[in-house]
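K.L.:
Dumping the structure here so I can ask a few things about it.
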Amino acid sequence: MAKFAKTILLGAAGALAMTAAASAEPVELNVWTIDRQADPGYVYVMADEFQKLHPDIKINIKRVEFADWANDMMRAVATGTTPDIGYVDNPNMQFLSSKGALLDITPYLAESKIVDTSKIYPGPLSTITWDGKIYGLPRGSNTLALYYNADMFKAAGLDPDKPPQTWQELYETAKKLTDPAKNVYGLAFSANGNEEGTFQFLPWAQSAGADYDNIAADGAVKALELWQKIIDEKIASPDTLIRGQYDSMATFNAQNAAMGISGPWELPRMSKDAKFDFRVATLPVWNLGDKPASALGEGNNAIFAKTQHPKEAFMFLEYLYSQMPRVWNEFGFVPSYPVEVKDPKWPAAYAIFVESMQNARARGPSPDWAKISTPISTAIQQALTHKTDAKTALTEAQAKIDAVIKK
Amino acid sequence: MKRYVLLAIALCFLAIYLFPLYWMYLTAFKPSSETFTYPPKFWPDDPQFNFAKVFVEKKMDTYLWNSLLIATGTTALAAFFGTGCAYALARVRNVWMDIVLFLILMMQVLPPSLMATPIFVLFNQIGLITTPRFAVVLAQTAKVLPLYIVLCRTSFMQIPKELEEAARVDGASRIAAFFRIIVPLARNGILVTSVLIFLQSFGEYVYSRTMISQEELQTATVGLMNFMGPNTTDWNGIMTYAVIYVTPIVLVFMLLQRKIVSGLTAGALK
Amino acid sequence: MSALLRSVRDGRGFDGVLALLALAYLFVFSAFPLIYNIAMSFQEVDMFSLASLIRPFVGLANYQTLFSNPDFWPIMWNTTVFVALCITFQLAIGFGLALFFQQDFVGASYLRGLFLAAWIIPALVAGAIWKWIFAGDFGVLNYLLISSGLINEKIFWLSTPALSLYSVVLANIWLGIPFNMILLSVGLAGIPKDMYEAAALDGAGAWKRFFYMTLPMMRSTIGAVLSLGIIFTLQQFDLFASLTQGGPANSSNVAQYWSWQLSFQNYDIATGSAVSVLMLGFVIVVAFLYVRSTRQEHQA
């Protein structure tokens with residue numbers, strides 16, 4: 001009897017709580033993203049679905065230009081006008097976490113039935129962690145691989161099933177494929193004077209045993225000298241120095257470059273624009289059998305410390321995280337924890353990128369990544385324009401980086 | 001005969017000068033895949049007509065309306081604060097006016113990209129961010145006001161002092177003389193300047209992007225950037241957007257321009 | 001009190017009020033951000049203290065950091081070259097076109113109006129178009145030069161360190177011509193025609209008339225166009241963002257873009273502000289010269 005009464009009471013309380021929730025003001029979550037609505041943008045799609053599941057939560061999305069992200073984020077943090085949730089590029093994650101701009105979600109994770117952070121790959125996991133606490137969840141990952149035009153391989157008498165496996169082979173193959181008369185370069189990549197240049201250079205240096213904290217090592221010098229050679233001999237376009245990855249790969253799609261180094265985000269556009277047999281291979285190494293290296297890209301969804309609705313924001317984060325099995329097919333991200341992707345689009349490319357993810361290293365992670373990355377991209381540009389030689393440029397970069405790390 | 005030679009030369013100048021503009025129109029008609037072909041195509045093989053589609057899909061009516069509001073507001077505000085100041089600077093000559101002119105010019109140096117953050121901090125403190133379009137008008141007016149004043153000042157300089165003095169002898173007050181004699185005489189200069197200010201403000205980007213967060217209040221330039229950005233492929237769409245945005249203004253301006261400069265040559269002055 | 005009121009309504013105070021009204025507006029909306037920048041250049045600034053004026057004072061430390069940066073002098077030199085070249089050519093071409101279109105022929109004023117199209121193209125679109133024109137591999141400029149036999153090999157306008165700055169200069173001259181031309185046209189229209197006729201009767205040649213009549217009569221217009229032109233050139237930001245981003249290896253970087261890079265790419269707001277304060281110094285000189293030049297027009 002008592003038990004019965006208790007059930008009734010609980011039920012009534014539950015019903016009351018529900019009506020209370022229904023009549024309450026809908027919670028509004030402000031979300032910043034770099035996605036474009038038409039792409040189809042990841043957050044736009046997810047927010048629509050989430051709002052259908054939770055009619056009491058309204059999501060307002062503001063798009064921020066990727067180039068203006070740091071600018072807008074700093075202003076928002078300074079004036080207390082941060083959104084509830086925002087996209088944070090992974091190398092910036094520790095910068096914001098260490099300054100207290102992001103919400104520590106460790107307590108919420110302890111009670112979450114959806115998220116198990118121990119499953120996240122070490123690369124992305126290291127970017128969301130600061131001082132032993134978790135400050136965000138990856139929305140997906142990406143990394144670099146080698147794209148090549150199999151038709152051009154065949155035309156040049158190369159075996160399209162044997163893409164170059166060492167950087168030296170890559171150089172030689174690219175040289176063979178270069179044909180100025182037809183406006184074809186052997187290779188397309190980006191040596192832009194910003195984060196993109198660093199992102200592209202690190203795997204070349206890392207696979208030779210160097211890294212951002214050891215950037216003047218012989219391996220990195222060797223890598224940069226090979227870049228010099230590629231640019232000097234016009235195996236890649238001189239415009240590589242001022243072009244981002246996406247613009248560089250457009251020349252691959254237009255068959256003005258026979259190979260290209262870029263990430264999975266290229267695939268949707270490539271399958272539309274590239275009228276040839278394109279294939280993907282893992283990035284080369286220096287000597288066969290070496291441990292490969294690849295850079296970790298993409299970003300995290302993070303909740304800002306100033307949010308008024310941490311509970312609802314975390315629910316949205318959980319929802320985003322739970323949709324990981326879809327991100328490859330719909331948005332071109334590589335899943336950040338092991339999931340089964342049913343019927344992956346571009347299956348061969350998918351296999352290569354999932355394999356590359358095992359070796360994907362986060363940039364840093366460091367709360368001062370911007371001050372580490374700038375000297376590296378500066379050194380790259382100095383060397384490629386022959387203002388200094390590779391060794392001197394990287395030694396200067398190392399000195400600046402040491403000043404940041406060892407302070 | 002000479003007149004036709006001149007016309008031919010003028011057309012040559014124009015052809016060279018407007019080549020980038022031609023390229024914009026051309027890209028609006030080319031399929032996106034032809035944007036980067038080499039050798040480049042100077043005429044579209046397969047012309048695209050996406051104007052209606054882009055206009056509707058990109059909600060250009062809303063964006064253009066917002067741009068129009070901001071440009072009109074800015075021009076009105078600049079004319080209100082600037083006309084009198086330009087007149088005073090043209091008429092009175094002493095150390096104080098020198099200082100005023102100096103300060104006005106000096107304050108306009110940093111590009112909006114560098115001014116935006118401090119202005120945002122200020123506007124956020126005083127609550128102006130809640131009326132974002134008005135906030136953009138205020139910031140943009142500050143940006144164009146020196147331009148307005150310096151340009152208008154040159155047209156006030158050309159009005160003979162004697163005209164105003166004659167009106168004063170007839171018993172008109174300074175205010176009456178200003179509105180009845182001076183402003184009508186300088187109207188061409190004021191008009192040219194206002195049109196220039198209007199056009200500049202119509203293309204305002206940095207302040208709108210910084211201060212307006214609701215999409216429905218956003219301007220056409222920001223709407224353009226939202227589907228432009230660094231990682232875009234739809235160049236046809238972008239240039240179609242740009243063409244829709246630019247063409248009406250070019251036409252209006254061509255007509256207005258003729259009036260303005262011929263009005264000036266006809267000599268309301270002197 | 002009533003004397004003051006009367007002076008405002010009907011005396012010298014009238015001019016003062018008109019001038020101060022605009023100045024007050026600018027003090028609120030322009031001086032504040034400038035003072036803010038100046039303050040930051042003497043302080044230690046991070047993301048959280050960005051919004052408050054009270055921050056640790058570090059004296060000239062930010063300037064020392066700036067001066068010891070090996071890129072500092074090259075970038076300042078680039079800025080000077082950029083401004084000097086842009087202004088010279090904009091003014092010369094703008095003046096030439098203004099004189100040309102002043103002549104009487106069919107459609108002169110319509111065609112002049114078309115030049116203004118460049119003034120209204122959104123900066124972002126102008127940047128994108130110029131980037132395609134200059135592109136080394138598929139750019140239409142290389143195509144035209146090669147097919148007309150002027151060059152044999154593609155020129156990489158934007159990625160060759162010796163050329164990149166001049167490519168941006170070229171694009172910026174293009175943007176600045178309409179402004180120069182239309183203002184100089186208005187100035188020319190203000191010169192009474194009978195003066196020319198009288199001079200022609202006296203046997204003065206076209207060059208003589210230009211140097212001894214047109215130029216002196218246009219002094220105030222040229223002064224205004226020059227000073228505004230310098231300020232606009234210093235404000236040019238979008239072209240750098242879309243064409244070269246200051247690269248390669250800072251060969252086309254200028255103060256205004258560098259300041260932004262320091263502040264918002266390196267998170268080094270204090271040093272970025274120091275750069276903008278130096279720009280302010282430059283403009284003070286320009287503004288001073290302009291004010292001096294307006295002195296003479298009153299004496300004339």
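Convention: chains lettered A, B, ... in structure tokens order; per-chain residue numbering from 1; ligands numbered from 1 as shown.
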Among stretch 9-257 of chain B, which ones does DSSP place in alpha helix (DSSP H), written as a VMD selection string?
P.N.:
chain B and resid 9 to 17 19 to 29 51 to 57 60 to 91 95 to 106 112 to 125 132 to 157 161 to 169 174 to 177 183 to 185 187 to 202 206 to 211 220 to 227 235 to 257
K.L.:
Can you pull out every residue within 8 Å of C:Arg55, counting only C-alpha atoms, but drop anything in the same chain fewer than 5 positions away, and send it as a ChimeraX atom specification?
P.N.:
/C:43-45,49
K.L.:
Please produce an output containing N, CA and C atoms for each residue in the selection, written as a PDB file, in the first residue's frame.
P.N.:
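Okay, out-v1.pdb is ready:
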ATOM      1  N   GLN C  43      50.987  48.713 -21.998  1.00  0.00           N
ATOM      2  CA  GLN C  43      50.532  47.817 -20.935  1.00  0.00           C
ATOM      3  C   GLN C  43      50.758  46.368 -21.300  1.00  0.00           C
ATOM      4  N   GLU C  44      50.550  45.532 -20.294  1.00  0.00           N
ATOM      5  CA  GLU C  44      50.561  44.104 -20.559  1.00  0.00           C
ATOM      6  C   GLU C  44      49.110  43.693 -20.738  1.00  0.00           C
ATOM      7  N   VAL C  45      48.790  43.120 -21.898  1.00  0.00           N
ATOM      8  CA  VAL C  45      47.397  42.851 -22.206  1.00  0.00           C
ATOM      9  C   VAL C  45      47.212  41.363 -22.460  1.00  0.00           C
ATOM     10  N   SER C  49      42.046  40.913 -19.850  1.00  0.00           N
ATOM     11  CA  SER C  49      42.162  42.325 -19.506  1.00  0.00           C
ATOM     12  C   SER C  49      41.916  43.210 -20.719  1.00  0.00           C
TER      13      SER C  49
END
K.L.:
Taking only C-alpha atoms into account and nothing else, which residues of chain A lie no more than 10 Å away from chain B? Please answer as an mmCIF file with C-alpha atoms, in the first residue's frame.
P.N.:
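This went into selection_37.cif:
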data_model
loop_
_atom_site.group_PDB
_atom_site.id
_atom_site.type_symbol
_atom_site.label_atom_id
_atom_site.label_comp_id
_atom_site.auth_asym_id
_atom_site.auth_seq_id
_atom_site.Cartn_x
_atom_site.Cartn_y
_atom_site.Cartn_z
ATOM 1 C CA ILE A 34 32.850 28.066 -38.701
ATOM 2 C CA ASP A 35 30.558 25.897 -40.832
ATOM 3 C CA ARG A 36 28.679 27.304 -43.756
ATOM 4 C CA GLN A 37 24.993 26.576 -43.714
ATOM 5 C CA ALA A 38 24.919 25.343 -47.297
ATOM 6 C CA ASP A 39 27.821 22.897 -47.143
ATOM 7 C CA ASN A 60 20.960 30.246 -32.218
ATOM 8 C CA ILE A 61 23.889 29.754 -34.533
ATOM 9 C CA LYS A 62 26.375 32.456 -35.464
ATOM 10 C CA ARG A 63 28.894 31.811 -38.175
ATOM 11 C CA VAL A 64 32.410 33.096 -37.630
ATOM 12 C CA GLU A 65 34.971 33.310 -40.398
ATOM 13 C CA PHE A 66 37.829 30.879 -39.657
ATOM 14 C CA ALA A 67 40.381 33.630 -40.295
ATOM 15 C CA ASP A 68 38.590 35.898 -37.797
ATOM 16 C CA ASN A 71 39.856 37.920 -33.178
ATOM 17 C CA ASP A 72 36.180 37.357 -32.387
ATOM 18 C CA MET A 74 39.198 37.099 -27.768
ATOM 19 C CA ARG A 75 36.791 40.004 -27.978
ATOM 20 C CA ALA A 76 33.953 37.842 -26.734
ATOM 21 C CA ALA A 78 37.099 39.995 -22.900
ATOM 22 C CA THR A 79 33.617 41.492 -22.918
ATOM 23 C CA GLY A 80 31.850 38.484 -21.453
ATOM 24 C CA THR A 81 29.826 37.952 -24.617
ATOM 25 C CA LYS A 182 50.724 21.039 -70.135
ATOM 26 C CA ASN A 183 50.667 23.249 -67.043
ATOM 27 C CA GLY A 244 46.104 27.675 -48.564
ATOM 28 C CA GLN A 245 45.494 23.952 -48.757
ATOM 29 C CA TYR A 246 42.063 24.239 -50.281
ATOM 30 C CA ASP A 247 43.209 26.524 -53.094
ATOM 31 C CA ALA A 250 41.808 23.030 -56.495
ATOM 32 C CA THR A 251 44.747 22.819 -58.914
ATOM 33 C CA ASN A 253 41.182 18.785 -59.119
ATOM 34 C CA ALA A 254 41.683 20.835 -62.267
ATOM 35 C CA GLN A 255 44.483 18.424 -63.304
ATOM 36 C CA ASN A 256 47.159 21.078 -62.970
ATOM 37 C CA ARG A 269 34.449 18.599 -53.649
ATOM 38 C CA LYS A 272 32.326 16.458 -57.894
ATOM 39 C CA ASP A 273 35.110 18.387 -59.639
ATOM 40 C CA ALA A 274 37.826 15.814 -60.376
#
K.L.:
Name the closest residue to chain C among the candidates A:Tyr108, A:Tyr185, A:Phe314, A:Tyr147; distances are taken between atoms, counting only C-alpha atoms.
P.N.:
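The answer is A:Tyr185, which sits nearest to chain C.
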K.L.:
May I have the residues of chain A within 8 Å of chain C, counting only C-alpha atoms, written as a PyMOL selection string?
P.N.:
chain A and resi 70-71+74-75+77-79+183+192-193+237-242+370-371+374+378+381-382+385
K.L.:
Could you list, as a PyMOL selection string, every residue of chain B that has an atom within 6 Å of an atom of chain C, counting only C-alpha atoms?
P.N.:
chain B and resi 3+38+81+84-85+88+102+105-106+109-111+115+118-119+121+142+173-174+203+250+254+257-258+265
K.L.:
Selected residues, N, CA and C atoms, written as a short mmCIF file (atom, residue, chain, number, x, y, z; two decimals), in the first residue's frame, please.
P.N.:
data_model
loop_
_atom_site.label_atom_id
_atom_site.label_comp_id
_atom_site.auth_asym_id
_atom_site.auth_seq_id
_atom_site.Cartn_x
_atom_site.Cartn_y
_atom_site.Cartn_z
N ARG B 3 36.67 64.90 -81.86
CA ARG B 3 35.81 64.38 -80.81
C ARG B 3 35.70 62.87 -80.87
N TYR B 38 43.11 27.08 -67.79
CA TYR B 38 44.16 27.81 -68.49
C TYR B 38 44.37 27.16 -69.84
N PHE B 81 26.31 66.14 -39.07
CA PHE B 81 27.45 66.62 -38.28
C PHE B 81 28.51 67.30 -39.14
N GLY B 84 28.01 71.52 -41.39
CA GLY B 84 28.29 72.74 -40.64
C GLY B 84 29.76 72.87 -40.34
N CYS B 85 30.35 71.77 -39.94
CA CYS B 85 31.76 71.79 -39.58
C CYS B 85 32.62 72.16 -40.78
N ALA B 88 32.30 75.87 -41.36
CA ALA B 88 33.06 76.65 -40.38
C ALA B 88 34.55 76.58 -40.69
N PHE B 102 43.10 69.51 -37.86
CA PHE B 102 44.18 68.56 -37.58
C PHE B 102 43.65 67.34 -36.84
N LEU B 105 41.46 64.98 -39.01
CA LEU B 105 42.22 64.12 -39.92
C LEU B 105 42.96 63.04 -39.15
N MET B 106 43.53 63.42 -38.06
CA MET B 106 44.39 62.51 -37.32
C MET B 106 43.63 61.31 -36.78
N VAL B 109 42.90 57.05 -38.91
CA VAL B 109 44.07 56.43 -39.51
C VAL B 109 44.01 54.91 -39.49
N LEU B 110 43.55 54.36 -38.41
CA LEU B 110 43.62 52.90 -38.31
C LEU B 110 42.51 52.26 -39.13
N PRO B 111 42.81 51.15 -39.80
CA PRO B 111 41.76 50.46 -40.54
C PRO B 111 40.72 49.91 -39.57
N MET B 115 40.20 49.08 -35.36
CA MET B 115 39.32 49.89 -34.51
C MET B 115 38.18 49.06 -33.93
N PRO B 118 38.27 47.84 -29.91
CA PRO B 118 37.97 48.87 -28.91
C PRO B 118 36.54 49.41 -29.04
N ILE B 119 36.05 49.62 -30.24
CA ILE B 119 34.69 50.14 -30.40
C ILE B 119 33.68 49.14 -29.84
N VAL B 121 34.19 47.02 -27.47
CA VAL B 121 34.28 47.08 -26.01
C VAL B 121 33.46 48.25 -25.48
N ALA B 142 31.59 57.72 -37.81
CA ALA B 142 32.87 58.22 -37.32
C ALA B 142 33.97 57.97 -38.34
N SER B 173 20.00 86.52 -40.48
CA SER B 173 20.86 86.05 -39.41
C SER B 173 21.86 85.06 -39.98
N ARG B 174 22.83 84.71 -39.17
CA ARG B 174 23.83 83.78 -39.66
C ARG B 174 23.19 82.44 -40.04
N GLY B 203 29.05 49.37 -48.71
CA GLY B 203 29.95 48.22 -48.75
C GLY B 203 30.62 47.94 -47.42
N VAL B 250 25.94 50.89 -60.07
CA VAL B 250 26.68 51.43 -61.21
C VAL B 250 25.73 52.22 -62.09
N MET B 254 25.93 56.19 -62.76
CA MET B 254 26.21 56.73 -64.08
C MET B 254 25.27 57.89 -64.39
N GLN B 257 25.90 60.84 -61.80
CA GLN B 257 27.21 61.43 -62.02
C GLN B 257 27.15 62.52 -63.06
N ARG B 258 26.42 62.23 -64.12
CA ARG B 258 26.32 63.18 -65.22
C ARG B 258 25.72 64.50 -64.72
N THR B 265 29.80 72.27 -63.85
CA THR B 265 30.39 73.04 -64.94
C THR B 265 29.47 74.17 -65.36
#
K.L.:
What separation in Å, quoted to one decimal, exists between atom CA of B:Met157 and atom CA of B:Ala86?
P.N.:
9.3 Å
K.L.:
Could you list, as a short mmCIF file (atom, residue, chain, number, x, y, z; two decimals) with N, CA and C atoms, in the first residue's frame, every residue within 10 Å of stretch 324-326 of chain A, counting only C-alpha atoms and ignoring same-chain residues fewer than 5 positions away?
P.N.:
data_model
loop_
_atom_site.label_atom_id
_atom_site.label_comp_id
_atom_site.auth_asym_id
_atom_site.auth_seq_id
_atom_site.Cartn_x
_atom_site.Cartn_y
_atom_site.Cartn_z
N PRO A 138 35.77 16.19 -29.04
CA PRO A 138 36.06 16.33 -30.46
C PRO A 138 34.79 16.17 -31.29
N ARG A 139 34.66 16.96 -32.36
CA ARG A 139 33.51 16.77 -33.22
C ARG A 139 33.86 15.81 -34.35
N GLY A 140 35.12 15.46 -34.44
CA GLY A 140 35.64 14.63 -35.50
C GLY A 140 37.08 15.03 -35.66
N TYR A 319 24.94 15.05 -27.61
CA TYR A 319 24.27 14.67 -28.85
C TYR A 319 25.26 14.71 -30.02
N PHE A 331 30.01 14.77 -43.42
CA PHE A 331 30.77 16.02 -43.27
C PHE A 331 32.25 15.89 -43.61
N GLY A 332 32.71 14.68 -43.89
CA GLY A 332 34.11 14.50 -44.27
C GLY A 332 35.09 14.60 -43.10
N PHE A 333 34.64 14.31 -41.86
CA PHE A 333 35.59 14.21 -40.74
C PHE A 333 35.89 12.72 -40.51
N VAL A 334 37.05 12.44 -39.96
CA VAL A 334 37.35 11.08 -39.53
C VAL A 334 36.88 10.95 -38.08
N PRO A 335 36.17 9.86 -37.74
CA PRO A 335 35.70 9.72 -36.36
C PRO A 335 36.87 9.79 -35.37
N SER A 336 36.60 10.38 -34.19
CA SER A 336 37.67 10.58 -33.21
C SER A 336 37.74 9.46 -32.19
N TYR A 337 36.78 8.55 -32.22
CA TYR A 337 36.89 7.34 -31.40
C TYR A 337 36.40 6.20 -32.27
N PRO A 338 36.78 4.94 -31.96
CA PRO A 338 36.44 3.84 -32.87
C PRO A 338 34.93 3.67 -32.96
N VAL A 339 34.41 3.81 -34.16
CA VAL A 339 32.98 3.55 -34.39
C VAL A 339 32.88 2.74 -35.66
N GLU A 340 31.75 2.12 -35.82
CA GLU A 340 31.57 1.39 -37.06
C GLU A 340 30.86 2.30 -38.04
N VAL A 341 31.52 2.62 -39.13
CA VAL A 341 30.88 3.44 -40.15
C VAL A 341 30.26 2.51 -41.17
N LYS A 342 28.92 2.52 -41.22
CA LYS A 342 28.26 1.65 -42.18
C LYS A 342 28.38 2.23 -43.57
N PRO A 344 30.81 3.17 -45.71
CA PRO A 344 31.50 4.46 -45.85
C PRO A 344 31.59 4.89 -47.31
#
K.L.:
Considering only C-alpha atoms, can you say which of C:Ser293, C:Asn152, C:Asn78, C:Ser68 comes closest to C:Val169?
P.N.:
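Looking at the shortest contact to C:Val169, the residue is C:Asn78.
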K.L.:
Skipping near chain neighbours, those fewer than 3 positions away, what residues fall within 9 Å of C:Asn180 using only C-alpha atoms, listed as a list in words?
P.N.:
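Near neighbours after the sequence-gap exclusion: Gln90, Leu91, Ala92, Ile93, Gly94, Phe95, Ala98, Gly176, Ile177, Leu183, Leu184, Ser185, Val225, Leu226 and Gly229 of chain C.
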K.L.:
Within 9 Å of B:Val195, counting only C-alpha atoms, which residues qualify if same-chain residues fewer than 4 places away don't, as a ChimeraX atom specification?
P.N.:
/B:75,190-191,199-200,253
K.L.:
Show which residues sit within 8 Å of A:Gln398, as a tab-separated table (two decimals) with N, CA and C atoms, in the first residue's frame. Count only C-alpha atoms, and ignore same-chain residues fewer than 4 positions away.
P.N.:
chain	number	residue	atom	x	y	z
A	213	ASP	N	59.24	20.87	-30.73
A	213	ASP	CA	60.15	21.30	-29.67
A	213	ASP	C	61.60	20.93	-30.01
A	214	ASN	N	61.79	20.41	-31.22
A	214	ASN	CA	63.13	20.01	-31.62
A	214	ASN	C	63.23	20.29	-33.12
A	215	ILE	N	62.86	21.51	-33.51
A	215	ILE	CA	62.61	21.80	-34.91
A	215	ILE	C	63.89	22.08	-35.68
A	216	ALA	N	65.00	22.29	-34.97
A	216	ALA	CA	66.26	22.52	-35.68
A	216	ALA	C	67.03	21.22	-35.88
A	375	PRO	N	56.85	30.96	-35.39
A	375	PRO	CA	58.26	30.83	-35.79
A	375	PRO	C	58.48	29.72	-36.82
A	394	LEU	N	65.63	27.37	-39.21
A	394	LEU	CA	65.04	26.52	-38.17
A	394	LEU	C	65.72	26.72	-36.82
A	402	ASP	N	61.96	27.84	-27.82
A	402	ASP	CA	62.51	27.56	-26.49
A	402	ASP	C	62.09	28.64	-25.51
K.L.:
Just how far from atom CA of B:Gln158 is atom CA of C:Tyr196, in Å to one decimal?
P.N.:
17.7 Å
K.L.:
With distances taken over only C-alpha atoms, which of B:Pro112, B:Pro20, B:Gly171, B:Pro160 is nearest to B:Tyr205?
P.N.:
B:Pro112
K.L.:
Have a look at atom CA of A:Asp116 and atom CA of A:Gly263 and let me know their distance in Å, one decimal.
P.N.:
26.6 Å
